[in-house]
file structure33.txt (compact mmCIF, C-alpha atoms)
# COMPACT_ATOMS: atom_id res chain seq x y z
CA MET A 1 0.00 0.00 0.00
CA PRO A 2 1.37 3.46 -0.82
CA GLY A 3 2.88 5.51 1.97
CA LYS A 4 1.28 8.38 3.80
CA ASP A 5 2.57 11.02 1.35
CA ALA A 6 1.16 9.32 -1.76
CA VAL A 7 -2.12 7.76 -0.77
CA SER A 8 -4.24 6.42 -3.61
CA VAL A 9 -7.96 7.16 -3.66
CA THR A 10 -8.61 4.47 -6.27
CA PRO A 11 -11.30 2.06 -4.94
CA LYS A 12 -9.99 -1.52 -5.05
CA TYR A 13 -10.27 -3.37 -1.70
CA LEU A 14 -13.17 -5.64 -0.75
CA ILE A 15 -14.36 -5.63 2.87
CA GLY A 16 -12.49 -8.86 3.68
CA ARG A 17 -9.19 -7.29 2.70
CA VAL A 18 -10.07 -4.14 4.64
CA THR A 19 -10.45 -6.13 7.86
CA LYS A 20 -7.01 -7.66 7.41
CA LEU A 21 -5.35 -4.33 6.67
CA THR A 22 -6.98 -2.44 9.55
CA GLY A 23 -7.52 -5.06 12.25
CA LEU A 24 -11.19 -4.06 12.45
CA SER A 25 -14.02 -6.53 12.04
CA VAL A 26 -16.57 -6.34 9.23
CA ASP A 27 -19.22 -5.34 11.77
CA VAL A 28 -17.14 -2.49 13.15
CA VAL A 29 -16.21 -1.13 9.71
CA ARG A 30 -19.84 -1.10 8.65
CA VAL A 31 -21.06 0.55 11.86
CA TRP A 32 -18.36 3.22 11.64
CA GLU A 33 -19.26 3.77 8.01
CA ARG A 34 -23.06 3.88 8.38
CA ARG A 35 -23.42 5.57 11.74
CA TYR A 36 -20.43 7.91 11.81
CA GLY A 37 -19.49 8.41 8.16
CA ALA A 38 -15.93 7.36 8.96
CA VAL A 39 -15.26 6.47 5.30
CA ARG A 40 -17.34 6.60 2.15
CA PRO A 41 -16.41 3.68 -0.06
CA ALA A 42 -17.20 3.59 -3.77
CA ARG A 43 -19.45 0.97 -5.34
CA SER A 44 -18.67 -1.42 -8.13
CA GLY A 45 -21.05 -1.89 -11.04
CA GLY A 46 -22.68 -4.71 -9.08
CA GLY A 47 -23.09 -2.60 -5.92
CA THR A 48 -20.16 -4.07 -3.96
CA ARG A 49 -18.36 -1.68 -1.62
CA LEU A 50 -14.78 -0.93 -2.69
CA TYR A 51 -12.29 0.83 -0.41
CA SER A 52 -9.19 2.81 -1.33
CA ASP A 53 -5.76 3.14 0.28
CA ALA A 54 -6.96 6.46 1.69
CA ASP A 55 -9.92 4.70 3.31
CA ILE A 56 -7.59 2.09 4.83
CA LEU A 57 -5.27 4.75 6.22
CA ARG A 58 -8.18 6.66 7.76
CA LEU A 59 -9.63 3.53 9.36
CA ARG A 60 -6.22 2.74 10.84
CA ARG A 61 -5.97 6.25 12.27
CA LEU A 62 -9.48 6.01 13.69
CA ARG A 63 -8.64 2.73 15.37
CA GLN A 64 -5.54 4.28 16.91
CA ALA A 65 -7.64 7.16 18.23
CA VAL A 66 -10.24 4.80 19.72
CA ASP A 67 -7.47 2.63 21.21
CA GLY A 68 -6.18 5.81 22.83
CA GLY A 69 -9.47 6.31 24.64
CA HIS A 70 -11.27 8.68 22.26
CA SER A 71 -14.81 8.05 21.06
CA ILE A 72 -15.42 7.18 17.43
CA SER A 73 -18.12 9.87 17.27
CA GLN A 74 -15.48 12.47 18.16
CA ALA A 75 -12.65 11.06 16.04
CA SER A 76 -14.73 10.53 12.91
CA ARG A 77 -15.40 14.29 12.65
CA LEU A 78 -11.69 15.15 12.47
CA SER A 79 -9.53 15.74 9.40
CA GLU A 80 -6.47 13.58 8.74
CA SER A 81 -4.09 16.16 10.24
CA GLU A 82 -6.32 16.59 13.29
CA LEU A 83 -6.43 12.82 13.73
CA ASP A 84 -2.63 12.70 13.63
CA GLU A 85 -2.45 15.34 16.36
CA LEU A 86 -5.02 13.49 18.47
CA ILE A 87 -3.12 10.21 18.15
CA ALA A 88 0.20 11.89 18.95
CA ASP A 89 -1.25 13.38 22.13
CA SER A 90 -2.74 10.06 23.29
CA GLN A 91 -0.87 8.13 25.91
CA PRO A 92 0.11 4.58 24.89
CA SER A 93 -1.91 1.97 26.73
CA SER A 94 -0.04 -0.25 29.18
CA GLU A 95 -2.77 -2.84 28.63
CA ALA A 96 -2.30 -3.13 24.85
CA ALA A 97 -1.41 -6.82 25.18
CA ASP A 98 -4.89 -7.58 26.54
CA PRO A 99 -7.40 -4.95 25.40
CA TYR A 100 -10.36 -6.98 26.71
CA ARG A 101 -8.98 -7.02 30.24
CA ALA A 102 -8.31 -3.29 30.05
CA VAL A 103 -11.93 -2.60 29.15
CA ARG A 104 -13.22 -4.85 31.92
CA GLU A 105 -11.00 -3.25 34.54
CA ARG A 106 -11.93 0.30 33.56
CA PHE A 107 -15.63 -0.55 33.56
CA ILE A 108 -15.48 -2.30 36.95
CA GLU A 109 -13.57 0.63 38.46
CA ALA A 110 -16.13 3.08 37.10
CA VAL A 111 -18.94 1.01 38.61
CA ARG A 112 -17.08 0.81 41.93
CA THR A 113 -16.91 4.60 42.11
CA MET A 114 -20.46 4.93 40.70
CA ASP A 115 -19.14 6.95 37.76
CA VAL A 116 -22.04 6.36 35.38
CA VAL A 117 -20.63 8.48 32.56
CA ALA A 118 -17.24 6.76 32.55
CA ALA A 119 -18.79 3.29 32.72
CA ASP A 120 -21.18 4.05 29.88
CA GLN A 121 -18.41 5.55 27.74
CA GLU A 122 -16.26 2.47 28.28
CA LEU A 123 -19.00 0.17 27.00
CA ALA A 124 -19.75 2.47 24.06
CA ARG A 125 -16.09 2.47 23.10
CA ALA A 126 -15.86 -1.32 23.33
CA ALA A 127 -19.03 -1.73 21.26
CA THR A 128 -17.52 0.28 18.41
CA LEU A 129 -14.14 -1.46 18.56
CA PHE A 130 -14.87 -5.17 19.00
CA PRO A 131 -17.07 -7.56 17.00
CA ALA A 132 -20.28 -8.55 18.78
CA ARG A 133 -19.17 -12.10 19.50
CA GLU A 134 -15.88 -10.98 21.02
CA LEU A 135 -17.73 -8.36 23.02
CA VAL A 136 -20.08 -10.98 24.47
CA LYS A 137 -17.51 -13.66 25.23
CA LYS A 138 -14.51 -11.62 26.31
CA ILE A 139 -16.02 -8.52 27.89
CA VAL A 140 -19.71 -8.77 28.84
CA ALA A 141 -19.79 -12.34 30.19
CA PRO A 142 -16.62 -11.89 32.31
CA ILE A 143 -17.92 -8.56 33.64
CA LEU A 144 -21.17 -10.22 34.72
CA ASP A 145 -19.17 -12.92 36.51
CA GLU A 146 -17.00 -10.36 38.30
CA VAL A 147 -19.92 -8.16 39.35
CA GLY A 148 -21.64 -11.25 40.75
CA GLU A 149 -18.51 -12.28 42.65
CA ARG A 150 -18.04 -8.82 44.11
CA TRP A 151 -21.68 -8.67 45.16
CA ALA A 152 -21.39 -12.13 46.80
CA HIS A 153 -18.33 -10.96 48.76
CA LYS A 154 -20.04 -7.67 49.70
CA GLU A 155 -17.54 -5.59 47.73
CA PHE A 156 -20.42 -4.32 45.62
CA GLY A 157 -23.86 -3.35 46.85
CA ILE A 158 -27.20 -3.67 45.13
CA ALA A 159 -26.76 -0.20 43.61
CA HIS A 160 -23.48 -1.27 41.97
CA GLU A 161 -25.10 -4.39 40.55
CA HIS A 162 -28.08 -2.45 39.21
CA LEU A 163 -25.84 0.19 37.64
CA ALA A 164 -23.71 -2.41 35.83
CA SER A 165 -26.73 -4.43 34.76
CA GLY A 166 -28.60 -1.42 33.41
CA LEU A 167 -25.66 -0.19 31.35
CA LEU A 168 -24.93 -3.65 29.95
CA ARG A 169 -28.59 -4.23 29.14
CA ASN A 170 -28.82 -0.94 27.26
CA MET A 171 -25.69 -1.68 25.25
CA LEU A 172 -26.83 -5.18 24.29
CA GLY A 173 -30.22 -3.84 23.21
CA SER A 174 -28.65 -1.18 21.01
CA LEU A 175 -26.34 -3.72 19.35
CA PHE A 176 -29.19 -6.18 18.78
CA ARG A 177 -30.94 -3.65 16.55
CA LEU A 178 -27.93 -3.52 14.21
CA TYR A 179 -28.56 -7.09 13.00
CA PRO A 180 -31.83 -7.43 11.09
CA PRO A 181 -32.79 -11.04 10.28
CA LEU A 182 -31.99 -12.56 6.93
CA GLY A 183 -34.89 -12.66 4.51
CA ASN A 184 -35.33 -16.42 4.85
CA ALA A 185 -34.29 -16.68 8.50
CA GLU A 186 -35.57 -19.24 10.94
CA THR A 187 -37.13 -18.04 14.18
CA MET A 188 -35.50 -18.28 17.59
CA VAL A 189 -37.77 -17.80 20.62
CA LEU A 190 -35.95 -16.83 23.83
CA ALA A 191 -37.44 -16.95 27.32
CA THR A 192 -36.87 -18.18 30.84
CA PRO A 193 -39.47 -20.45 32.44
CA ALA A 194 -41.88 -19.35 35.14
CA GLY A 195 -40.07 -18.38 38.33
CA GLU A 196 -36.73 -17.66 36.64
CA ARG A 197 -35.92 -13.94 36.46
CA HIS A 198 -32.26 -13.91 35.42
CA GLU A 199 -32.17 -12.56 31.89
CA PHE A 200 -28.59 -11.92 30.87
CA GLY A 201 -28.09 -15.40 29.45
CA LEU A 202 -31.04 -14.71 27.16
CA LEU A 203 -29.78 -11.26 26.19
CA LEU A 204 -26.39 -12.65 25.21
CA ALA A 205 -28.03 -15.46 23.29
CA ALA A 206 -30.32 -12.99 21.51
CA LEU A 207 -27.38 -10.93 20.31
CA LEU A 208 -25.40 -13.98 19.18
CA GLY A 209 -28.45 -15.34 17.39
CA ALA A 210 -29.01 -12.02 15.65
CA THR A 211 -25.40 -11.95 14.42
CA CYS A 212 -26.04 -15.36 12.83
CA GLY A 213 -29.03 -13.98 10.93
CA TRP A 214 -31.82 -15.53 13.03
CA ARG A 215 -35.21 -13.85 13.48
CA VAL A 216 -35.09 -13.46 17.26
CA VAL A 217 -38.27 -13.27 19.36
CA TYR A 218 -37.28 -12.13 22.84
CA LEU A 219 -40.02 -12.93 25.38
CA GLY A 220 -37.92 -12.19 28.46
CA THR A 221 -38.12 -13.79 31.87
CA ASP A 222 -40.71 -15.67 33.93
CA VAL A 223 -42.78 -16.94 30.98
CA PRO A 224 -45.10 -19.98 31.34
CA ALA A 225 -43.97 -22.92 29.21
CA ALA A 226 -47.27 -23.00 27.29
CA GLU A 227 -46.72 -19.39 26.21
CA ILE A 228 -43.20 -20.09 24.99
CA ALA A 229 -44.29 -22.98 22.77
CA ARG A 230 -47.37 -21.37 21.18
CA PRO A 231 -47.62 -22.29 17.51
CA ARG A 232 -48.43 -18.70 16.51
CA TRP A 233 -44.70 -18.06 16.11
CA SER A 234 -45.05 -19.70 12.72
CA THR A 235 -46.72 -16.48 11.53
CA LEU A 236 -43.35 -14.75 11.80
CA GLY A 237 -42.29 -16.26 8.50
CA PRO A 238 -39.99 -19.18 9.32
CA SER A 239 -38.15 -20.90 6.51
CA SER A 240 -37.89 -24.59 5.82
CA ARG A 241 -34.23 -24.09 4.85
CA PRO A 242 -32.03 -25.28 7.74
CA THR A 243 -29.78 -22.64 9.26
CA ARG A 244 -26.20 -23.78 9.62
CA ALA A 245 -25.46 -21.74 12.73
CA ARG A 246 -26.68 -23.58 15.84
CA LEU A 247 -26.18 -22.19 19.31
CA PRO A 248 -25.80 -24.28 22.49
CA GLY A 249 -29.00 -24.81 24.47
CA MET A 250 -31.33 -24.66 21.49
CA ARG A 251 -34.00 -27.22 20.72
CA PRO A 252 -36.55 -27.53 17.94
CA SER A 253 -40.16 -26.70 18.76
CA SER A 254 -43.23 -28.28 17.21
CA ALA A 255 -42.79 -26.03 14.18
CA SER A 256 -39.88 -27.34 12.13
CA ALA A 257 -38.35 -23.94 11.45
CA ILE A 258 -38.75 -22.52 14.96
CA TRP A 259 -36.20 -23.07 17.70
CA ASP A 260 -36.72 -22.37 21.39
CA TRP A 261 -34.06 -21.26 23.81
CA VAL A 262 -35.26 -21.78 27.37
CA GLY A 263 -32.79 -20.35 29.86

call {"tool": "encode", "arguments": {"input": "structure33.txt", "output": "structure tokens"}}
result
Amino acid sequence: MPGKDAVSVTPKYLIGRVTKLTGLSVDVVRVWERRYGAVRPARSGGGTRLYSDADILRLRRLRQAVDGGHSISQASRLSESELDELIADSQPSSEAADPYRAVRERFIEAVRTMDVVAADQELARAATLFPARELVKKIVAPILDEVGERWAHKEFGIAHEHLASGLLRNMLGSLFRLYPPLGNAETMVLATPAGERHEFGLLLAALLGATCGWRVVYLGTDVPAAEIARPRWSTLGPSSRPTRARLPGMRPSSASAIWDWVG
């Protein structure tokens, strides 16, 4: 790729190549592009997005800025020279070897001090930087475990637990809306049985299912079994084509193209 002083604007890279050159996932590139206008790729005659060397360089700079603790909404509004200044002023992270741990620790510390703004900003930053599956497995699930442990050992009170839960729930809900179902998607119904009110397993499953293209029906907690298995879900347009992505804990319902997840 040409150097910084001779950057080509010729569109030529497909999204798969872009992810390898920038270290960003497909999901992150598309969110940055659609929501923040980070880059504006050209289109081929068939409508495929094509990115230039200039786009690659800008995405790399944006990632450096976000890694340095700046929000993508702020960084995406800057020119190339302003981005360079922002990156130069950013302090290198001592946690670069394990970015997931760094996010978890900053979030937990913000919750400990009841700093709602800092905790929310940390999650927002992570949501723009990491793919949804990495976010769930390496950040959200471990945070839930640590908050539970701290509550059990009386290091955190109920207010701490509610603060963390509310922020995580809001973030998961906002991410879920970024993944509309495929046109011929099967339906996944998620619920906990009557008497069970813990919902985060369902929320994580809903997001993972959505990233696989499922049509997710989230019923929430404390739902009678008869309500979960109602055949009316077939009106949501299930497909007879089997979906290759199967998630642990799923089982087929009476309708062949509907799967239940009972937490």

call {"tool": "closest_residue", "arguments": {"input": "structure33.txt", "among": "A:Lys12, A:Val28, A:Glu80, A:Glu122", "to": "Thr48 in chain A", "atoms": "only C-alpha atoms"}}
result
A:Lys12

call {"tool": "closest_residue", "arguments": {"input": "structure33.txt", "among": "A:Thr113, A:Thr22, A:Thr211, A:Ser44", "to": "Val136 in chain A", "atoms": "all atoms listed in the file"}}
result
A:Thr211

call {"tool": "atom_distance", "arguments": {"input": "structure33.txt", "atom1": "CA of Ala206 in chain A", "atom2": "CA of Ala132 in chain A"}}
result
11.3 Å

call {"tool": "residues_around", "arguments": {"input": "structure33.txt", "residues": "Asp145 in chain A", "least_positions_apart": "3", "cutoff": "12 Å", "atoms": "all atoms listed in the file", "output": "mmCIF file with C-alpha atoms, in the coordinates of the input"}}
result
data_model
loop_
_atom_site.group_PDB
_atom_site.id
_atom_site.type_symbol
_atom_site.label_atom_id
_atom_site.label_comp_id
_atom_site.auth_asym_id
_atom_site.auth_seq_id
_atom_site.Cartn_x
_atom_site.Cartn_y
_atom_site.Cartn_z
ATOM 1 C CA ARG A 104 -13.220 -4.850 31.920
ATOM 2 C CA ILE A 108 -15.480 -2.300 36.950
ATOM 3 C CA LYS A 137 -17.510 -13.660 25.230
ATOM 4 C CA LYS A 138 -14.510 -11.620 26.310
ATOM 5 C CA ILE A 139 -16.020 -8.520 27.890
ATOM 6 C CA VAL A 140 -19.710 -8.770 28.840
ATOM 7 C CA ALA A 141 -19.790 -12.340 30.190
ATOM 8 C CA PRO A 142 -16.620 -11.890 32.310
ATOM 9 C CA GLY A 148 -21.640 -11.250 40.750
ATOM 10 C CA GLU A 149 -18.510 -12.280 42.650
ATOM 11 C CA ARG A 150 -18.040 -8.820 44.110
ATOM 12 C CA TRP A 151 -21.680 -8.670 45.160
ATOM 13 C CA ALA A 152 -21.390 -12.130 46.800
ATOM 14 C CA GLU A 161 -25.100 -4.390 40.550
ATOM 15 C CA ALA A 164 -23.710 -2.410 35.830
ATOM 16 C CA SER A 165 -26.730 -4.430 34.760
ATOM 17 C CA PHE A 200 -28.590 -11.920 30.870
ATOM 18 C CA GLY A 201 -28.090 -15.400 29.450
#

call {"tool": "atom_distance", "arguments": {"input": "structure33.txt", "atom1": "CA of Met114 in chain A", "atom2": "CA of Glu199 in chain A"}}
result
22.8 Å

call {"tool": "closest_atom_pairs", "arguments": {"input": "structure33.txt", "of": "range 60-158 of chain A", "to": "range 174-184 of chain A", "cutoff": "12 Å", "atoms": "all atoms listed in the file", "output": "Markdown table"}}
result
| residue | atom | partner | partner_atom | distance |
| --- | --- | --- | --- | --- |
| A:Leu123 | CA | A:Leu175 | CA | 11.3 |
| A:Ala124 | CA | A:Ser174 | CA | 10.1 |
| A:Ala126 | CA | A:Leu175 | CA | 11.5 |
| A:Ala127 | CA | A:Leu175 | CA | 7.8 |
| A:Thr128 | CA | A:Leu175 | CA | 9.7 |
| A:Phe130 | CA | A:Leu175 | CA | 11.6 |
| A:Pro131 | CA | A:Leu175 | CA | 10.3 |
| A:Ala132 | CA | A:Leu175 | CA | 7.8 |
| A:Arg133 | CA | A:Leu175 | CA | 11.0 |
| A:Leu135 | CA | A:Leu175 | CA | 10.4 |
| A:Val136 | CA | A:Leu175 | CA | 10.9 |

call {"tool": "residues_near_point", "arguments": {"input": "structure33.txt", "point": "(-18.2, 0.8, -8.7)", "cutoff": "12 Å", "atoms": "all atoms listed in the file", "output": "number ranges by chain"}}
result
A: 10-14, 41-52

call {"tool": "write_last_selection", "arguments": {"input": "structure33.txt", "atoms": "C-alpha atoms", "output": "mmCIF file, keeping the file's coordinate frame"}}
result
data_model
loop_
_atom_site.group_PDB
_atom_site.id
_atom_site.type_symbol
_atom_site.label_atom_id
_atom_site.label_comp_id
_atom_site.auth_asym_id
_atom_site.auth_seq_id
_atom_site.Cartn_x
_atom_site.Cartn_y
_atom_site.Cartn_z
ATOM 1 C CA THR A 10 -8.610 4.470 -6.270
ATOM 2 C CA PRO A 11 -11.300 2.060 -4.940
ATOM 3 C CA LYS A 12 -9.990 -1.520 -5.050
ATOM 4 C CA TYR A 13 -10.270 -3.370 -1.700
ATOM 5 C CA LEU A 14 -13.170 -5.640 -0.750
ATOM 6 C CA PRO A 41 -16.410 3.680 -0.060
ATOM 7 C CA ALA A 42 -17.200 3.590 -3.770
ATOM 8 C CA ARG A 43 -19.450 0.970 -5.340
ATOM 9 C CA SER A 44 -18.670 -1.420 -8.130
ATOM 10 C CA GLY A 45 -21.050 -1.890 -11.040
ATOM 11 C CA GLY A 46 -22.680 -4.710 -9.080
ATOM 12 C CA GLY A 47 -23.090 -2.600 -5.920
ATOM 13 C CA THR A 48 -20.160 -4.070 -3.960
ATOM 14 C CA ARG A 49 -18.360 -1.680 -1.620
ATOM 15 C CA LEU A 50 -14.780 -0.930 -2.690
ATOM 16 C CA TYR A 51 -12.290 0.830 -0.410
ATOM 17 C CA SER A 52 -9.190 2.810 -1.330
#

call {"tool": "decode", "arguments": {"input": "structure33.txt", "residues": "range 59-90 of chain A", "atoms": "N, CA and C atoms", "output": "CSV table (one decimal), in the first residue's frame"}}
result
chain,number,residue,atom,x,y,z
A,59,LEU,N,-9.1,4.5,8.4
A,59,LEU,CA,-9.6,3.5,9.4
A,59,LEU,C,-8.6,3.2,10.4
A,60,ARG,N,-7.3,3.0,9.9
A,60,ARG,CA,-6.2,2.7,10.8
A,60,ARG,C,-6.0,3.9,11.9
A,61,ARG,N,-6.1,5.1,11.4
A,61,ARG,CA,-6.0,6.2,12.3
A,61,ARG,C,-7.1,6.3,13.3
A,62,LEU,N,-8.3,6.0,12.8
A,62,LEU,CA,-9.5,6.0,13.7
A,62,LEU,C,-9.3,4.9,14.8
A,63,ARG,N,-8.8,3.8,14.4
A,63,ARG,CA,-8.6,2.7,15.4
A,63,ARG,C,-7.6,3.2,16.4
A,64,GLN,N,-6.5,3.8,16.0
A,64,GLN,CA,-5.5,4.3,16.9
A,64,GLN,C,-6.2,5.3,17.9
A,65,ALA,N,-7.0,6.2,17.4
A,65,ALA,CA,-7.6,7.2,18.2
A,65,ALA,C,-8.5,6.5,19.3
A,66,VAL,N,-9.3,5.5,18.8
A,66,VAL,CA,-10.2,4.8,19.7
A,66,VAL,C,-9.4,4.0,20.7
A,67,ASP,N,-8.3,3.4,20.3
A,67,ASP,CA,-7.5,2.6,21.2
A,67,ASP,C,-6.9,3.6,22.3
A,68,GLY,N,-6.7,4.8,21.9
A,68,GLY,CA,-6.2,5.8,22.8
A,68,GLY,C,-7.2,6.4,23.8
A,69,GLY,N,-8.4,5.9,23.7
A,69,GLY,CA,-9.5,6.3,24.6
A,69,GLY,C,-10.5,7.3,24.1
A,70,HIS,N,-10.4,7.7,22.8
A,70,HIS,CA,-11.3,8.7,22.3
A,70,HIS,C,-12.5,8.0,21.6
A,71,SER,N,-13.6,8.6,21.6
A,71,SER,CA,-14.8,8.0,21.1
A,71,SER,C,-14.8,8.1,19.5
A,72,ILE,N,-15.4,7.2,18.9
A,72,ILE,CA,-15.4,7.2,17.4
A,72,ILE,C,-16.3,8.3,16.9
A,73,SER,N,-17.3,8.7,17.7
A,73,SER,CA,-18.1,9.9,17.3
A,73,SER,C,-17.3,11.2,17.2
A,74,GLN,N,-16.4,11.3,18.2
A,74,GLN,CA,-15.5,12.5,18.2
A,74,GLN,C,-14.4,12.4,17.1
A,75,ALA,N,-13.8,11.2,17.0
A,75,ALA,CA,-12.6,11.1,16.0
A,75,ALA,C,-13.1,11.1,14.6
A,76,SER,N,-14.3,10.6,14.3
A,76,SER,CA,-14.7,10.5,12.9
A,76,SER,C,-15.0,11.9,12.3
A,77,ARG,N,-15.1,12.9,13.1
A,77,ARG,CA,-15.4,14.3,12.6
A,77,ARG,C,-14.1,15.0,12.3
A,78,LEU,N,-13.0,14.4,12.6
A,78,LEU,CA,-11.7,15.1,12.5
A,78,LEU,C,-11.1,14.9,11.1
A,79,SER,N,-10.3,15.9,10.6
A,79,SER,CA,-9.5,15.7,9.4
A,79,SER,C,-8.3,14.8,9.7
A,80,GLU,N,-7.6,14.5,8.6
A,80,GLU,CA,-6.5,13.6,8.7
A,80,GLU,C,-5.4,14.2,9.6
A,81,SER,N,-5.1,15.5,9.4
A,81,SER,CA,-4.1,16.2,10.2
A,81,SER,C,-4.5,16.3,11.7
A,82,GLU,N,-5.8,16.5,11.9
A,82,GLU,CA,-6.3,16.6,13.3
A,82,GLU,C,-6.3,15.2,14.0
A,83,LEU,N,-6.5,14.2,13.2
A,83,LEU,CA,-6.4,12.8,13.7
A,83,LEU,C,-5.0,12.5,14.1
A,84,ASP,N,-4.0,12.9,13.3
A,84,ASP,CA,-2.6,12.7,13.6
A,84,ASP,C,-2.3,13.4,14.9
A,85,GLU,N,-2.7,14.6,15.1
A,85,GLU,CA,-2.4,15.3,16.4
A,85,GLU,C,-3.1,14.6,17.6
A,86,LEU,N,-4.3,14.2,17.4
A,86,LEU,CA,-5.0,13.5,18.5
A,86,LEU,C,-4.3,12.2,18.9
A,87,ILE,N,-3.8,11.5,17.9
A,87,ILE,CA,-3.1,10.2,18.1
A,87,ILE,C,-1.8,10.5,18.8
A,88,ALA,N,-1.1,11.5,18.4
A,88,ALA,CA,0.2,11.9,18.9
A,88,ALA,C,0.1,12.3,20.4
A,89,ASP,N,-1.0,12.9,20.8
A,89,ASP,CA,-1.3,13.4,22.1
A,89,ASP,C,-1.8,12.3,23.1
A,90,SER,N,-2.2,11.2,22.5
A,90,SER,CA,-2.7,10.1,23.3
A,90,SER,C,-1.6,9.3,24.0
